[in-house]
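Undergrad: You'll find query09.tsv just under this line, and it carries TSV, C-alpha atoms.
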```tsv
chain	number	residue	atom	x	y	z
A	1	MET	CA	99.82	-28.59	-24.41
A	2	LYS	CA	97.36	-31.39	-25.16
A	3	GLY	CA	95.37	-32.59	-28.13
A	4	THR	CA	96.22	-31.10	-31.49
A	5	PHE	CA	99.65	-29.66	-30.56
A	6	ARG	CA	100.79	-32.27	-28.04
A	7	SER	CA	104.04	-33.12	-29.89
A	8	LEU	CA	105.28	-29.59	-29.23
A	9	ASN	CA	105.74	-30.61	-25.58
A	10	ILE	CA	108.85	-32.46	-26.75
A	11	ARG	CA	111.85	-30.11	-26.83
A	12	ASN	CA	113.64	-31.64	-29.80
A	13	TYR	CA	110.51	-31.66	-31.91
A	14	ARG	CA	109.67	-28.09	-30.92
A	15	ILE	CA	113.11	-26.83	-32.01
A	16	TRP	CA	113.00	-28.79	-35.27
A	17	ALA	CA	109.50	-27.54	-36.07
A	18	GLY	CA	110.51	-23.89	-35.59
A	19	GLY	CA	113.44	-24.11	-37.99
A	20	ALA	CA	111.46	-26.15	-40.51
A	21	LEU	CA	108.65	-23.58	-40.61
A	22	VAL	CA	111.04	-20.76	-41.61
A	23	SER	CA	112.65	-22.95	-44.26
A	24	ASN	CA	109.26	-24.09	-45.58
A	25	VAL	CA	108.17	-20.47	-46.07
A	26	GLY	CA	111.29	-19.85	-48.14
A	27	THR	CA	110.71	-23.04	-50.16
A	28	TRP	CA	107.18	-21.99	-51.10
A	29	MET	CA	108.37	-18.51	-52.00
A	30	GLN	CA	110.92	-20.04	-54.39
A	31	ARG	CA	108.42	-22.46	-55.94
A	32	THR	CA	106.01	-19.63	-56.66
A	33	ALA	CA	108.66	-17.33	-58.13
A	34	GLN	CA	110.20	-20.17	-60.16
A	35	ASP	CA	106.89	-21.12	-61.80
A	36	TRP	CA	106.15	-17.46	-62.45
A	37	ILE	CA	109.37	-16.65	-64.29
A	38	VAL	CA	109.08	-19.81	-66.38
A	39	LEU	CA	105.49	-19.04	-67.35
A	40	THR	CA	105.77	-15.28	-67.91
A	41	GLN	CA	109.44	-14.29	-68.28
A	42	LEU	CA	111.30	-17.19	-69.89
A	43	THR	CA	108.41	-18.50	-72.05
A	44	ASN	CA	105.21	-17.14	-73.54
A	45	HIS	CA	102.76	-18.68	-71.04
A	46	ASN	CA	104.00	-22.21	-71.80
A	47	ALA	CA	102.43	-24.61	-69.29
A	48	THR	CA	104.41	-27.52	-70.71
A	49	ALA	CA	107.65	-25.78	-69.65
A	50	VAL	CA	106.29	-25.51	-66.10
A	51	GLY	CA	105.52	-29.22	-66.26
A	52	ILE	CA	109.08	-29.98	-67.41
A	53	VAL	CA	110.50	-28.00	-64.49
A	54	MET	CA	108.30	-29.98	-62.11
A	55	GLY	CA	109.36	-33.21	-63.77
A	56	LEU	CA	113.07	-32.41	-63.46
A	57	GLN	CA	112.62	-31.37	-59.84
A	58	PHE	CA	110.76	-34.49	-58.77
A	59	GLY	CA	112.10	-37.12	-61.21
A	60	PRO	CA	115.20	-37.92	-59.11
A	61	GLN	CA	112.88	-39.33	-56.45
A	62	ILE	CA	112.57	-42.36	-58.75
A	63	LEU	CA	116.04	-42.29	-60.30
A	64	LEU	CA	117.81	-42.35	-56.94
A	65	LEU	CA	115.39	-44.65	-55.12
A	66	PRO	CA	117.97	-47.49	-54.81
A	67	VAL	CA	120.12	-45.34	-52.52
A	68	THR	CA	117.82	-42.79	-50.86
A	69	GLY	CA	115.91	-45.29	-48.70
A	70	PHE	CA	119.17	-47.03	-47.81
A	71	ALA	CA	120.59	-43.67	-46.69
A	72	ALA	CA	117.55	-42.89	-44.53
A	73	ASP	CA	117.75	-46.27	-42.78
A	74	HIS	CA	121.52	-46.57	-42.36
A	75	LEU	CA	123.03	-43.08	-42.02
A	76	ASP	CA	122.79	-40.58	-39.18
A	77	ARG	CA	119.61	-38.77	-40.22
A	78	ARG	CA	120.47	-35.53	-38.43
A	79	LYS	CA	123.83	-35.25	-40.21
A	80	LEU	CA	122.27	-36.30	-43.52
A	81	LEU	CA	119.66	-33.54	-43.18
A	82	MET	CA	122.32	-30.96	-42.38
A	83	ALA	CA	124.10	-31.90	-45.61
A	84	THR	CA	120.97	-31.84	-47.77
A	85	GLN	CA	119.66	-28.57	-46.31
A	86	LEU	CA	123.02	-26.89	-46.88
A	87	ALA	CA	123.12	-28.12	-50.48
A	88	MET	CA	119.59	-26.87	-51.20
A	89	GLY	CA	120.49	-23.48	-49.75
A	90	LEU	CA	123.50	-23.23	-52.07
A	91	LEU	CA	121.37	-24.17	-55.10
A	92	ALA	CA	118.84	-21.46	-54.23
A	93	LEU	CA	121.71	-18.98	-53.87
A	94	GLY	CA	123.07	-19.87	-57.31
A	95	LEU	CA	119.72	-19.47	-59.07
A	96	GLY	CA	119.11	-16.22	-57.20
A	97	LEU	CA	122.41	-14.72	-58.31
A	98	LEU	CA	121.77	-15.67	-61.95
A	99	THR	CA	118.30	-14.12	-61.83
A	100	VAL	CA	119.29	-10.92	-60.03
A	101	THR	CA	122.10	-10.29	-62.54
A	102	GLY	CA	119.73	-10.84	-65.47
A	103	LEU	CA	121.64	-13.85	-66.81
A	104	VAL	CA	119.04	-16.52	-66.11
A	105	GLN	CA	117.76	-18.60	-69.02
A	106	LEU	CA	115.23	-21.42	-69.19
A	107	TRP	CA	117.93	-24.10	-69.30
A	108	HIS	CA	119.40	-22.66	-66.10
A	109	VAL	CA	116.07	-23.20	-64.34
A	110	TYR	CA	115.91	-26.74	-65.71
A	111	MET	CA	119.44	-27.43	-64.44
A	112	PHE	CA	118.83	-26.05	-60.95
A	113	ALA	CA	115.47	-27.84	-60.72
A	114	PHE	CA	117.18	-31.15	-61.47
A	115	GLY	CA	119.97	-30.43	-58.98
A	116	LEU	CA	117.43	-29.55	-56.31
A	117	GLY	CA	115.52	-32.73	-57.11
A	118	CYS	CA	118.64	-34.87	-56.65
A	119	VAL	CA	119.30	-33.39	-53.21
A	120	ALA	CA	115.62	-33.52	-52.21
A	121	ALA	CA	115.52	-37.22	-53.14
A	122	PHE	CA	117.84	-37.85	-50.16
A	123	ASP	CA	116.27	-35.17	-47.98
A	124	ALA	CA	112.62	-36.25	-48.22
A	125	PRO	CA	112.72	-39.82	-46.80
A	126	ALA	CA	115.28	-38.77	-44.19
A	127	ARG	CA	113.11	-35.81	-43.15
A	128	GLN	CA	109.94	-37.92	-43.03
A	129	THR	CA	111.53	-40.67	-40.92
A	130	PHE	CA	113.49	-38.22	-38.76
A	131	VAL	CA	110.19	-37.36	-37.09
A	132	SER	CA	110.24	-40.82	-35.51
A	133	ASP	CA	113.62	-39.94	-34.00
A	134	LEU	CA	112.19	-36.81	-32.39
A	135	VAL	CA	109.02	-38.19	-30.78
A	136	THR	CA	107.77	-41.39	-29.19
A	137	GLU	CA	105.81	-43.94	-31.21
A	138	ALA	CA	102.61	-42.79	-29.46
A	139	GLU	CA	103.06	-39.22	-30.73
A	140	LEU	CA	104.20	-40.12	-34.26
A	141	SER	CA	100.85	-39.68	-35.99
A	142	ASN	CA	100.37	-36.28	-34.32
A	143	ALA	CA	103.91	-35.17	-35.21
A	144	VAL	CA	103.45	-36.18	-38.87
A	145	ALA	CA	100.24	-34.16	-39.02
A	146	LEU	CA	101.90	-31.14	-37.38
A	147	ASN	CA	104.71	-31.36	-39.94
A	148	SER	CA	102.05	-31.13	-42.63
A	149	THR	CA	100.49	-28.19	-40.82
A	150	SER	CA	103.83	-26.39	-40.81
A	151	PHE	CA	104.40	-27.15	-44.49
A	152	ASN	CA	100.98	-25.86	-45.44
A	153	ALA	CA	101.08	-22.85	-43.14
A	154	ALA	CA	104.21	-21.96	-45.08
A	155	ARG	CA	102.26	-22.54	-48.30
A	156	MET	CA	99.76	-19.97	-47.05
A	157	ILE	CA	102.42	-17.38	-46.21
A	158	GLY	CA	105.14	-18.04	-48.80
A	159	PRO	CA	103.29	-17.65	-52.11
A	160	ALA	CA	101.50	-14.47	-51.02
A	161	CYS	CA	104.83	-12.95	-49.96
A	162	ALA	CA	106.46	-14.19	-53.17
A	163	GLY	CA	103.75	-12.63	-55.31
A	164	LEU	CA	104.27	-9.24	-53.67
A	165	LEU	CA	108.08	-9.50	-53.86
A	166	VAL	CA	108.08	-10.64	-57.50
A	167	ALA	CA	105.89	-7.67	-58.41
A	168	SER	CA	108.05	-5.19	-56.45
A	169	VAL	CA	111.70	-6.36	-56.56
A	170	GLY	CA	111.77	-9.39	-58.88
A	171	SER	CA	112.07	-13.17	-58.62
A	172	GLY	CA	115.82	-13.19	-58.00
A	173	TRP	CA	115.49	-11.69	-54.54
A	174	VAL	CA	112.89	-14.32	-53.67
A	175	PHE	CA	115.43	-17.05	-54.48
A	176	LEU	CA	118.05	-15.30	-52.34
A	177	LEU	CA	115.65	-15.04	-49.40
A	178	ASN	CA	114.94	-18.75	-49.71
A	179	ALA	CA	118.69	-19.44	-49.58
A	180	ALA	CA	118.89	-17.46	-46.34
A	181	SER	CA	115.95	-19.38	-44.84
A	182	TYR	CA	117.98	-22.60	-44.73
A	183	VAL	CA	120.08	-21.08	-41.96
A	184	ALA	CA	117.10	-21.52	-39.61
A	185	VAL	CA	116.73	-25.26	-40.13
A	186	LEU	CA	120.51	-25.80	-39.95
A	187	PHE	CA	120.57	-23.93	-36.63
A	188	SER	CA	117.67	-26.00	-35.27
A	189	LEU	CA	119.41	-29.26	-36.23
A	190	SER	CA	122.56	-28.12	-34.44
A	191	ARG	CA	120.57	-27.33	-31.26
A	192	LEU	CA	118.94	-30.76	-30.86
A	193	ARG	CA	119.85	-32.86	-27.82
A	194	ILE	CA	121.43	-35.97	-29.30
A	195	ASP	CA	120.88	-38.08	-26.18
A	196	GLU	CA	117.12	-37.45	-26.39
A	197	LEU	CA	116.74	-38.72	-29.96
A	198	HIS	CA	114.81	-41.99	-30.31
A	199	THR	CA	117.27	-43.68	-32.65
A	200	ARG	CA	116.10	-47.28	-32.72
A	201	HIS	CA	116.28	-50.38	-34.86
A	202	LYS	CA	119.43	-49.57	-36.80
A	203	VAL	CA	119.58	-51.88	-39.80
A	204	PRO	CA	122.76	-53.84	-40.58
A	205	ARG	CA	124.23	-52.95	-43.96
A	206	GLN	CA	123.76	-55.71	-46.48
A	207	ARG	CA	123.12	-56.25	-50.15
A	208	GLY	CA	119.52	-56.35	-51.31
A	209	SER	CA	118.22	-53.87	-48.72
A	210	LEU	CA	116.10	-51.99	-51.26
A	211	VAL	CA	114.79	-55.29	-52.66
A	212	ASP	CA	113.73	-56.16	-49.11
A	213	GLY	CA	111.75	-52.93	-49.02
A	214	PHE	CA	109.89	-53.75	-52.24
A	215	ARG	CA	109.36	-57.34	-51.07
A	216	TYR	CA	107.93	-56.06	-47.79
A	217	VAL	CA	105.46	-53.79	-49.60
A	218	TRP	CA	104.55	-56.51	-52.12
A	219	HIS	CA	103.37	-58.80	-49.33
A	220	ARG	CA	101.25	-56.06	-47.75
A	221	PRO	CA	98.01	-55.55	-49.75
A	222	ASP	CA	97.12	-52.53	-47.62
A	223	LEU	CA	100.39	-50.77	-48.43
A	224	LYS	CA	100.11	-51.67	-52.11
A	225	ALA	CA	96.61	-50.19	-52.26
A	226	ILE	CA	97.63	-46.96	-50.53
A	227	LEU	CA	100.69	-46.55	-52.75
A	228	LEU	CA	98.67	-47.13	-55.93
A	229	MET	CA	96.09	-44.58	-54.75
A	230	LEU	CA	98.96	-42.21	-54.03
A	231	PHE	CA	100.43	-42.77	-57.51
A	232	LEU	CA	97.20	-41.73	-59.23
A	233	PHE	CA	96.62	-38.88	-56.80
A	234	GLY	CA	100.15	-37.47	-56.95
A	235	THR	CA	100.91	-38.05	-60.63
A	236	PHE	CA	97.81	-36.47	-62.15
A	237	GLY	CA	96.12	-34.64	-59.26
A	238	LEU	CA	98.81	-32.75	-57.31
A	239	ASN	CA	99.88	-30.49	-60.17
A	240	PHE	CA	98.81	-27.25	-58.50
A	241	PRO	CA	101.58	-25.08	-60.02
A	242	ILE	CA	100.10	-25.86	-63.44
A	243	PHE	CA	96.45	-25.66	-62.38
A	244	ILE	CA	96.77	-22.38	-60.49
A	245	SER	CA	99.22	-20.58	-62.76
A	246	THR	CA	97.35	-21.33	-65.99
A	247	MET	CA	93.93	-20.53	-64.55
A	248	SER	CA	95.28	-17.30	-63.04
A	249	VAL	CA	97.12	-16.09	-66.15
A	250	THR	CA	95.23	-17.42	-69.16
A	251	VAL	CA	91.66	-17.71	-67.85
A	252	PHE	CA	91.32	-14.93	-65.26
A	253	HIS	CA	94.14	-12.68	-66.67
A	254	GLN	CA	95.68	-11.83	-63.28
A	255	GLY	CA	99.20	-10.70	-62.35
A	256	ALA	CA	101.87	-12.06	-60.02
A	257	SER	CA	100.29	-10.91	-56.75
A	258	LYS	CA	96.91	-12.50	-57.52
A	259	TYR	CA	98.63	-15.70	-58.65
A	260	GLY	CA	100.49	-15.94	-55.34
A	261	LEU	CA	97.26	-15.19	-53.48
A	262	LEU	CA	95.50	-18.18	-55.07
A	263	THR	CA	98.21	-20.54	-53.81
A	264	SER	CA	97.88	-19.02	-50.34
A	265	ILE	CA	94.09	-19.37	-50.47
A	266	MET	CA	94.43	-23.07	-51.20
A	267	ALA	CA	96.86	-23.33	-48.30
A	268	ILE	CA	94.08	-22.19	-45.94
A	269	GLY	CA	92.36	-25.45	-46.77
A	270	SER	CA	95.61	-27.41	-46.52
A	271	VAL	CA	96.35	-26.05	-43.04
A	272	THR	CA	92.79	-26.84	-41.96
A	273	GLY	CA	93.12	-30.39	-43.27
A	274	ALA	CA	96.46	-30.89	-41.51
A	275	LEU	CA	95.11	-29.58	-38.18
A	276	LEU	CA	92.11	-31.89	-38.43
A	277	ALA	CA	94.51	-34.77	-39.07
A	278	ALA	CA	96.54	-33.79	-35.99
A	279	ARG	CA	93.45	-34.14	-33.81
A	280	ARG	CA	92.81	-37.73	-34.91
A	281	GLU	CA	94.37	-40.53	-32.92
A	282	LYS	CA	94.72	-42.85	-35.90
A	283	PRO	CA	94.16	-42.52	-39.67
A	284	THR	CA	91.82	-44.93	-41.47
A	285	MET	CA	91.13	-46.10	-45.01
A	286	ALA	CA	87.77	-44.34	-44.79
A	287	LEU	CA	89.62	-41.02	-44.45
A	288	LEU	CA	91.68	-41.82	-47.54
A	289	LEU	CA	88.54	-42.57	-49.55
A	290	MET	CA	86.77	-39.46	-48.30
A	291	GLY	CA	89.78	-37.25	-49.07
A	292	ALA	CA	90.20	-38.65	-52.59
A	293	GLY	CA	86.48	-38.40	-53.37
A	294	ILE	CA	86.11	-34.80	-52.19
A	295	PHE	CA	89.34	-33.92	-54.02
A	296	GLY	CA	87.89	-35.22	-57.31
A	297	ALA	CA	84.61	-33.38	-56.75
A	298	GLY	CA	86.44	-30.18	-55.77
A	299	LEU	CA	88.57	-30.15	-58.93
A	300	THR	CA	85.48	-30.84	-61.03
A	301	LEU	CA	83.69	-27.83	-59.55
A	302	ALA	CA	86.84	-25.68	-59.77
A	303	ALA	CA	87.01	-26.37	-63.50
A	304	LEU	CA	83.49	-24.97	-63.85
A	305	MET	CA	83.98	-21.80	-61.78
A	306	PRO	CA	83.30	-18.61	-63.80
A	307	ASN	CA	85.51	-16.13	-61.92
A	308	TYR	CA	88.68	-15.76	-59.88
A	309	TRP	CA	87.13	-15.62	-56.41
A	310	LEU	CA	84.81	-18.61	-56.83
A	311	PHE	CA	87.77	-20.58	-58.17
A	312	GLY	CA	89.72	-19.53	-55.07
A	313	LEU	CA	86.85	-20.71	-52.85
A	314	MET	CA	86.99	-24.15	-54.43
A	315	LEU	CA	90.76	-24.25	-53.85
A	316	ILE	CA	90.06	-24.23	-50.09
A	317	VAL	CA	87.96	-27.39	-50.45
A	318	ILE	CA	90.66	-28.95	-52.63
A	319	GLY	CA	93.30	-28.04	-50.05
A	320	VAL	CA	91.40	-29.68	-47.16
A	321	SER	CA	90.77	-32.87	-49.13
A	322	ALA	CA	94.29	-33.14	-50.57
A	323	GLN	CA	95.83	-32.72	-47.13
A	324	THR	CA	93.42	-35.22	-45.58
A	325	PHE	CA	94.48	-37.79	-48.16
A	326	THR	CA	98.24	-37.22	-48.14
A	327	THR	CA	98.60	-36.87	-44.36
A	328	SER	CA	96.46	-39.96	-43.72
A	329	ALA	CA	98.48	-41.94	-46.26
A	330	ASN	CA	101.78	-40.83	-44.70
A	331	SER	CA	100.67	-41.60	-41.14
A	332	THR	CA	99.08	-44.93	-42.05
A	333	ILE	CA	102.23	-46.18	-43.77
A	334	GLN	CA	104.59	-45.01	-41.02
A	335	LEU	CA	102.46	-46.45	-38.23
A	336	SER	CA	101.86	-49.79	-39.94
A	337	THR	CA	105.45	-50.36	-41.11
A	338	GLU	CA	108.07	-52.08	-38.97
A	339	PRO	CA	110.58	-49.46	-37.71
A	340	ALA	CA	113.51	-51.31	-39.29
A	341	MET	CA	111.85	-51.04	-42.71
A	342	ARG	CA	110.45	-47.53	-42.32
A	343	GLY	CA	113.18	-45.62	-44.17
A	344	ARG	CA	113.00	-47.82	-47.27
A	345	VAL	CA	109.20	-47.89	-47.32
A	346	MET	CA	109.07	-44.11	-46.90
A	347	ALA	CA	111.59	-43.71	-49.73
A	348	ILE	CA	109.19	-45.71	-51.91
A	349	PHE	CA	106.34	-43.56	-50.60
A	350	MET	CA	108.16	-40.32	-51.45
A	351	ALA	CA	109.29	-41.66	-54.83
A	352	ILE	CA	105.68	-42.36	-55.74
A	353	ALA	CA	104.32	-39.15	-54.20
A	354	LEU	CA	106.82	-36.89	-55.96
A	355	GLY	CA	108.41	-39.12	-58.58
A	356	GLY	CA	105.17	-39.52	-60.51
A	357	THR	CA	105.37	-35.83	-61.36
A	358	PRO	CA	107.79	-36.34	-64.31
A	359	LEU	CA	105.07	-38.44	-65.92
A	360	GLY	CA	102.01	-36.48	-64.90
A	361	ALA	CA	103.12	-32.84	-64.98
A	362	PRO	CA	104.13	-32.71	-68.69
A	363	ILE	CA	100.90	-34.51	-69.61
A	364	VAL	CA	98.78	-32.13	-67.54
A	365	GLY	CA	100.74	-29.18	-68.95
A	366	TRP	CA	100.16	-30.45	-72.50
A	367	VAL	CA	96.42	-30.75	-71.80
A	368	ALA	CA	96.39	-27.19	-70.42
A	369	ASP	CA	98.20	-25.87	-73.53
A	370	GLY	CA	96.19	-27.86	-76.04
A	371	TYR	CA	92.70	-27.95	-74.55
A	372	GLY	CA	92.72	-25.30	-71.83
A	373	PRO	CA	93.35	-25.20	-68.06
A	374	ARG	CA	89.82	-26.34	-67.24
A	375	TRP	CA	90.45	-29.68	-68.96
A	376	ALA	CA	93.72	-30.02	-67.04
A	377	LEU	CA	91.69	-29.74	-63.84
A	378	ALA	CA	89.41	-32.49	-65.17
A	379	VAL	CA	92.44	-34.79	-65.46
A	380	GLY	CA	93.19	-34.16	-61.78
A	381	ALA	CA	89.57	-34.84	-60.86
A	382	ALA	CA	89.68	-38.19	-62.67
A	383	ALA	CA	92.79	-39.09	-60.64
A	384	GLY	CA	90.90	-38.45	-57.40
A	385	PHE	CA	87.97	-40.62	-58.45
A	386	GLY	CA	90.36	-43.32	-59.68
A	387	SER	CA	92.00	-43.40	-56.24
A	388	VAL	CA	88.59	-44.00	-54.67
A	389	LEU	CA	88.03	-47.01	-56.95
A	390	VAL	CA	91.40	-48.49	-55.97
A	391	GLY	CA	90.58	-48.10	-52.27
A	392	LEU	CA	87.15	-49.66	-52.67
A	393	HIS	CA	88.63	-52.62	-54.57
A	394	TYR	CA	91.08	-53.23	-51.71
A	395	LEU	CA	88.32	-53.06	-49.08
A	396	MET	CA	86.08	-55.45	-51.01
A	397	LYS	CA	88.83	-57.98	-51.78
A	398	TYR	CA	90.83	-57.96	-48.53
A	399	ARG	CA	88.61	-56.41	-45.86
A	400	ASN	CA	85.21	-57.86	-46.86
A	401	LEU	CA	83.48	-54.48	-47.27
A	402	ARG	CA	79.75	-54.82	-46.67
A	403	VAL	CA	77.07	-52.21	-47.39
A	404	LYS	CA	73.59	-52.52	-45.91
A	405	LEU	CA	70.49	-50.34	-46.07
A	406	VAL	CA	69.01	-50.09	-42.57
A	407	GLU	CA	65.94	-47.92	-42.01
A	408	GLY	CA	66.72	-45.85	-45.08
A	409	ARG	CA	70.38	-45.27	-44.16
A	410	LEU	CA	73.53	-46.88	-45.57
A	411	HIS	CA	75.69	-48.78	-43.09
A	412	PHE	CA	79.24	-49.90	-43.88
A	413	SER	CA	81.34	-52.55	-42.16
A	414	ILE	CA	84.77	-54.08	-42.82
A	415	ASP	CA	86.88	-56.79	-41.23
A	416	ALA	CA	89.79	-55.88	-38.98
A	417	LEU	CA	93.14	-55.34	-40.70
A	418	VAL	CA	95.58	-58.21	-40.28
A	419	PRO	CA	99.00	-57.28	-41.82
```
Rewrite the structure from the file as structure tokens, please.
TA:
Amino acid sequence: MKGTFRSLNIRNYRIWAGGALVSNVGTWMQRTAQDWIVLTQLTNHNATAVGIVMGLQFGPQILLLPVTGFAADHLDRRKLLMATQLAMGLLALGLGLLTVTGLVQLWHVYMFAFGLGCVAAFDAPARQTFVSDLVTEAELSNAVALNSTSFNAARMIGPACAGLLVASVGSGWVFLLNAASYVAVLFSLSRLRIDELHTRHKVPRQRGSLVDGFRYVWHRPDLKAILLMLFLFGTFGLNFPIFISTMSVTVFHQGASKYGLLTSIMAIGSVTGALLAARREKPTMALLLMGAGIFGAGLTLAALMPNYWLFGLMLIVIGVSAQTFTTSANSTIQLSTEPAMRGRVMAIFMAIALGGTPLGAPIVGWVADGYGPRWALAVGAAAGFGSVLVGLHYLMKYRNLRVKLVEGRLHFSIDALVP
């Protein structure tokens, strides 16, 4: 294989990717069913409750930041992932049993969401940096993009399946199926060839390791700009469970199957964006700006769409742009960070990407409840445009961005990046 799928030539990565895809499908099935029972079964279409669930699930990314990056840099990542994947499977099993037996209450969902968030806080930076253990440095950008492709292919399959299963057998069985899906990724981790892992630059254990990570980022204007763009983008823009569920239920008056279908429709765009990223040799700041700008425009147009199918069409555009931004940000940071600092910097990256949700999701949910889902989409659009402004400020201040009009066409130029 060459080009887009070249990382699959590597045996360890190929095995890992297969197990991860099965688990990702189960994860998206659970997310869809979880948001659905909170919105329609445990509350009376309360978007704020969905936002609280999201906040509890992603808040630990910030709370546990002092130890999660340390764990990713210092512990055996394969063994750490086996522990986190097993724990997440058991949490899905517990919520599934409560739901199937009819005992589930809203506080149960809150509790399991927080527990899952605590485990995921360790899992996410380890999983992101584990890719560098599976492939060579030359294939890292491609492998990161293929990981995103897998995640979003699962987003295309999982929610549609969840919608059908919720409508036919109930949410509890979706949670139980997700619990079973973790067996695949645990099996793939056990089948990796240890001697072929690229475990390099092990960091000596010492006090102040996390402080070193923040100090490293602080002295890198490019990383600071990307992380600030990511904060705006992730905190107020990537609240799709709220956007899609409230538009589906309260604006277009659709049921569970159509709600799941909308998430899968958006995933068509996400998969397309991830595959396009996999074809690129190296991400650039221009891609980040383009992704954020189109994302803001897409959410603006989505807020104005008069019917279900036109809204779904705009979700494809939003999916492409969101994936272009997030994948480019991930690859740029991993490729431009020293390997010895990568785990801590990626823990900061994941804390910002997911940890902003406790702040943004309740606010976006409150806007959806108080002013309507279309205004919630407008908040996300503003986040996309705000990210563009941050990126432009960085380019003008540190990269000497120049814009010229030559023969009626705009030409842009910037200085080379010097970390």
Undergrad: Let me make sure I understand: among A:Ala17, A:Val119, A:Leu261, A:Met111, which one has the smallest atom-to-atom distance to A:Val135 if we use all atoms listed in the file?
TA: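 Nearest candidate to A:Val135 out of A:Ala17, A:Val119, A:Leu261, A:Met111: A:Ala17.
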Undergrad: From the list A:Pro241, A:Gly370, A:Gly360, A:Gly298, which residue is nearest A:Gly55 when using all atoms listed in the file?
TA: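 Comparing A:Pro241, A:Gly370, A:Gly360, A:Gly298 against A:Gly55, the winner is A:Gly360.
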Undergrad: Tell me, in Å to one decimal, how far atom CA of A:Tyr216 is from atom CA of A:Gln323.
TA: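 Calculated distance between atom CA of A:Tyr216 and atom CA of A:Gln323 is 26.3 Å.
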Undergrad: Could you please give me, as a PyMOL selection string, the residues of protein, DNA or RNA lying at most 12 Å from (107.6, -49.4, -36.8) in the coordinate frame of the file, considering all atoms listed in the file?
TA: chain A and resi 129+132-133+136-138+140-141+199-202+331-346
Undergrad: Go ahead and write the selection's residues with C-alpha atoms as an mmCIF file, keeping the file's coordinate frame.
TA:
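What landed in selection.cif:
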```
data_model
loop_
_atom_site.group_PDB
_atom_site.id
_atom_site.type_symbol
_atom_site.label_atom_id
_atom_site.label_comp_id
_atom_site.auth_asym_id
_atom_site.auth_seq_id
_atom_site.Cartn_x
_atom_site.Cartn_y
_atom_site.Cartn_z
ATOM 1 C CA THR A 129 111.530 -40.670 -40.920
ATOM 2 C CA SER A 132 110.240 -40.820 -35.510
ATOM 3 C CA ASP A 133 113.620 -39.940 -34.000
ATOM 4 C CA THR A 136 107.770 -41.390 -29.190
ATOM 5 C CA GLU A 137 105.810 -43.940 -31.210
ATOM 6 C CA ALA A 138 102.610 -42.790 -29.460
ATOM 7 C CA LEU A 140 104.200 -40.120 -34.260
ATOM 8 C CA SER A 141 100.850 -39.680 -35.990
ATOM 9 C CA THR A 199 117.270 -43.680 -32.650
ATOM 10 C CA ARG A 200 116.100 -47.280 -32.720
ATOM 11 C CA HIS A 201 116.280 -50.380 -34.860
ATOM 12 C CA LYS A 202 119.430 -49.570 -36.800
ATOM 13 C CA SER A 331 100.670 -41.600 -41.140
ATOM 14 C CA THR A 332 99.080 -44.930 -42.050
ATOM 15 C CA ILE A 333 102.230 -46.180 -43.770
ATOM 16 C CA GLN A 334 104.590 -45.010 -41.020
ATOM 17 C CA LEU A 335 102.460 -46.450 -38.230
ATOM 18 C CA SER A 336 101.860 -49.790 -39.940
ATOM 19 C CA THR A 337 105.450 -50.360 -41.110
ATOM 20 C CA GLU A 338 108.070 -52.080 -38.970
ATOM 21 C CA PRO A 339 110.580 -49.460 -37.710
ATOM 22 C CA ALA A 340 113.510 -51.310 -39.290
ATOM 23 C CA MET A 341 111.850 -51.040 -42.710
ATOM 24 C CA ARG A 342 110.450 -47.530 -42.320
ATOM 25 C CA GLY A 343 113.180 -45.620 -44.170
ATOM 26 C CA ARG A 344 113.000 -47.820 -47.270
ATOM 27 C CA VAL A 345 109.200 -47.890 -47.320
ATOM 28 C CA MET A 346 109.070 -44.110 -46.900
#
```
Undergrad: Write out as JSON, numbers by chain the residues lying within 10 Å of A:Ser257, counting all atoms listed in the file and excluding same-chain residues fewer than 3 positions away.
TA: {"A": [159, 160, 161, 162, 163, 164, 165, 166, 167, 168, 254, 260, 261, 262]}
Undergrad: Could you check the closest approach to A:Gly69 for each of A:Ile348, A:Ala267, A:Leu97, A:Ile15 and tell me which residue wins, using all atoms listed in the file?
TA: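 Of A:Ile348, A:Ala267, A:Leu97, A:Ile15, the one nearest A:Gly69, counting all atoms listed in the file, is A:Ile348.
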Undergrad: Which residues are close to stretch 242-247 of chain A, i.e. within 10 Å by only C-alpha atoms, leaving aside same-chain residues fewer than 2 positions away? Reply as a PyMOL selection string.
TA: chain A and resi 32+35-36+39-40+45-51+54+237-240+249-256+258-260+262-263+266+299+302-303+307-308+311-312+315+361-362+364-365+368-369+372-377+380
Undergrad: Enclose stretch 61-73 of chain A, meaning all of its atoms listed in the file, in a box aligned along x, y and z, pad it by 8 Å on each side, and list the centre and edge lengths in Å to one decimal, as JSON.
TA:
```
{"center_x": 116.6, "center_y": -43.4, "center_z": -51.5, "size_x": 24.0, "size_y": 24.2, "size_z": 33.5}
```
Undergrad: Would you mind listing what lies within 7 Å of stretch 120-126 of chain A as a PyMOL selection string, with all atoms listed in the file counted and same-chain residues fewer than 4 positions away left out?
TA: chain A and resi 60-61+64+68-69+72+77+81+84+116+130+343+346-347+350
Undergrad: Distance atom CA of A:Val25-atom CA of A:Phe151, one decimal place?
TA: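 Separating atom CA of A:Val25 from atom CA of A:Phe151 is a distance of 7.8 Å.
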Undergrad: With only C-alpha atoms as the basis for distance, which of A:Ile316, A:Met29, A:Leu401, A:Gly296 is at the shortest distance from A:Arg155?
TA: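 Result for the nearest residue to A:Arg155: A:Met29.
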Undergrad: Which polymer residues, whether protein, DNA or RNA, lie within 8 Å of the coordinate (115.8, -13.8, -63.8) when you count only C-alpha atoms? List them as a ChimeraX atom specification, using the chain letters and numbers from the file.
TA: /A:37,41,96,98-105,170-172
